[in-house]
Amino acid sequence: MYSLRLVVELIIRTQTLHYSMMLLGFVMVLCILGAQATVDLRNAAALAADLCNTKPTDVVFLIDSSRSVRPSEFEQVKVFLAKVIDGLNVGPDATRVGVVNYASRVKNEVSLKSHKTKAGLVKAVSKIEPLSTGTMTGLAIQFAMNVAFSEAEGARKSPGISKVAIIVTDGRPQDNVRDIAARARESGIELFAIGVGRVDLTTLRQMASEPLDDHVDYVESYSLIEKLTKKFQEAFCTTVSDLCATGDHDCEHICISTPGSFKCACRDGHTLMEDGRSCSACSNAATDVVFLIDGSKSVRPENFELVKKWINLIVDKLDVSETNAHVGLVQYSSTVRQEFPLGRYNNKKDLKEAVKRMAYMERGTMTGHALNFMAENSFSPNQGARPGVTKVGIVFTDGRSQDYIGDAARKAKENGFKMYAVGVGNAVENELREIASEPVTDHYFYTADFKTMNQIAKKLQINVCQEEDPCECNSVVKFQKKVEEAVQALTKKLEAVTKRIAALENKIV
């Protein structure tokens with residue numbers, strides 16, 4: 001009987017050989033079609049996913065059990081905790097876990113020294129009962145800092161042991177959290193803040209550690225909190241032999257494995273952007289980009305925060321500087337409000353902070369009026385637009401426009417603006433297509449859920465350079481070299497996967 005490793009190796013070798021023969025045999029056909037082929041080895045690598053260990057950490061969960069949290073919802077929080085714990089390497093010399101339950105008072109349910117096994121820890125979590133009074137989040141953070149993370153309760157003072165607090169809450173605190181959270185962070189505690197439902201998002205940001213995008217999470221209901229399980233399991237994950245082989249990266253071109261981590265690189269003729277993942281075919285391309293953002297009441301405050309995160313994901317992919325990419329921001333509802341014009345911010349840090357400060361307008365959805373504002377004002381020289389520079393408009397909306405958009409959408413494109421249309425939820429496909437530039441399939445995006453907007457940010461490519469010929473048909477030799485490099489990359493991945501499967505077999509035996 002073949003071993004698991006041999007079977008997978010044979011499959012992957014067959015795929016690799018087939019792939020290389022197909023590319024070499026049909027090189028001229030590919031040149032005509034402009035096609036690119038990829039082989040994804042993530043499924044095979046996933047067989048060895050449990051080889052990921054967790055670094056030694058002291059983790060304390062602070063869970064809100066105030067009266068606004070229903071008993072059934074509190075049970076869902078406990079399921080979330082259990083699933084995160086299940087992905088940790090729990091032990092006296094590995095990860096220790098504590099749980100603090102709070103409402104108007106604080107109760108230390110599980111101390112860091114209480115349980116040395118995962119099973120005992122999960123059982124203890126299952127027995128926690130809600131306190132069902134007020135919401136004293138600041139008091140809970142203070143308790144964690146003074147008691148839960150003390151040596152008496154099992155916390156370790158070794159500099160190699162991280163201290164992490166994960167706060168789960170669904171309401172506005174009845175006490176001060178900003179100053180207490182700041183003191184906790186200064187003491188060396190890394191704070192994650194998870195908000196549910198009608199939580200106060202400003203408070204979450206006051207509590208969490210930097211960068212906020214990595215430490216603040218929001219879900220619309222407790223039934224969705226389990227979706228965050230993987231994030232927090234991965235947050236404590238450390239020793240992976242080859243993150244590139246598992247596909248656990250967002251490198252646009254090339255992933256290079258390093259011990260316990262990875263770094264991204266770009267193909268020849270491209271430049272790695274500041275986000276460390278994206279690649280630009282022309283690093284010195286000057287572009288004027290204006291975001292036109294729907295701030296109508298149907299968006300809702302919590303989703304508007306997700307929209308701002310989405311804008312900053314796209315900003316991360318731009319080469320923002322005085323000479324290259326300039327960004328402007330306009331928000332609209334029943335009226336139009338320019339948040340800031342092109343060229344006001346010439347570095348990503350200031351630009352992203354300005355996006356975060358954008359206040360939600362609410363009210364109606366006058367997309368046509370907003371498009372007309374963009375066409376007549378946003379790209380004018382007195383608003384910072386530069387002559388001879390490519391103009392890009394990115395329009396976001398979550399519903400049907402209350403006015404006619406046809407004339408304004410046509411005017412924007414006739415003015416030479418490259419228009420992208422992004423819709424969420426109840427956005428109307430025909431309206432989005434009317435806004436988008438040709439080819440529409442490259443400039444129109446839709447998702448049903450605000451929480452998946454980050455996928456659109458990954459797909460939306462603002463490329464103002466001349467499109468590359470995918471096959472570089474003017475040089476077949478050069479293309480064949482690319483094929484050889486692809487086969488070599490696949491072979492390297494095969495070796496990495498084989499090693500991981502061997503390790504997995506040893507664990508199974």
# chains A, B, ... in the order shown; residues from 1 in each chain; ligands from 1
$ select_by_dssp --residues "stretch 290-342 of chain A" --states "alpha helix (DSSP H)" --output "ChimeraX atom specification"
/A:301-316
$ residues_around --residues "A:Pro173" --least-positions-apart "3" --cutoff "8 Å" --atoms "only C-alpha atoms" --output "number ranges by chain"
A: 135-138, 176-177, 203
$ atom_distance --atom1 "atom CA of A:Phe74" --atom2 "atom CA of A:Leu62"
12.6 Å
$ residues_around --residues "A:Glu153" --least-positions-apart "6" --cutoff "12 Å" --atoms "only C-alpha atoms" --output "PyMOL selection string"
chain A and resi 58+60+96-100+108-115+143-147
$ residues_around --residues "A:Phe417" --least-positions-apart "5" --cutoff "9 Å" --atoms "only C-alpha atoms" --output "short mmCIF file (atom, residue, chain, number, x, y, z; two decimals) with N, CA and C atoms, in the first residue's frame"
data_model
loop_
_atom_site.label_atom_id
_atom_site.label_comp_id
_atom_site.auth_asym_id
_atom_site.auth_seq_id
_atom_site.Cartn_x
_atom_site.Cartn_y
_atom_site.Cartn_z
N ALA A 375 -17.44 64.78 -11.52
CA ALA A 375 -17.11 65.13 -12.90
C ALA A 375 -16.75 66.60 -13.04
N PHE A 379 -11.86 66.58 -9.99
CA PHE A 379 -10.66 66.48 -10.81
C PHE A 379 -10.29 67.80 -11.48
N THR A 390 -3.22 60.65 -15.17
CA THR A 390 -4.37 59.76 -15.23
C THR A 390 -5.31 60.01 -14.06
N LYS A 391 -6.61 60.09 -14.36
CA LYS A 391 -7.64 60.34 -13.35
C LYS A 391 -8.45 59.07 -13.12
N VAL A 392 -8.55 58.65 -11.86
CA VAL A 392 -9.25 57.42 -11.50
C VAL A 392 -10.32 57.73 -10.46
N GLY A 393 -11.57 57.35 -10.75
CA GLY A 393 -12.66 57.51 -9.79
C GLY A 393 -13.13 56.16 -9.28
N ALA A 412 -18.51 61.64 -16.70
CA ALA A 412 -17.25 61.28 -16.05
C ALA A 412 -16.35 60.49 -16.99
N SER A 437 -16.13 51.92 -16.20
CA SER A 437 -15.46 52.07 -17.49
C SER A 437 -15.41 50.73 -18.21
#
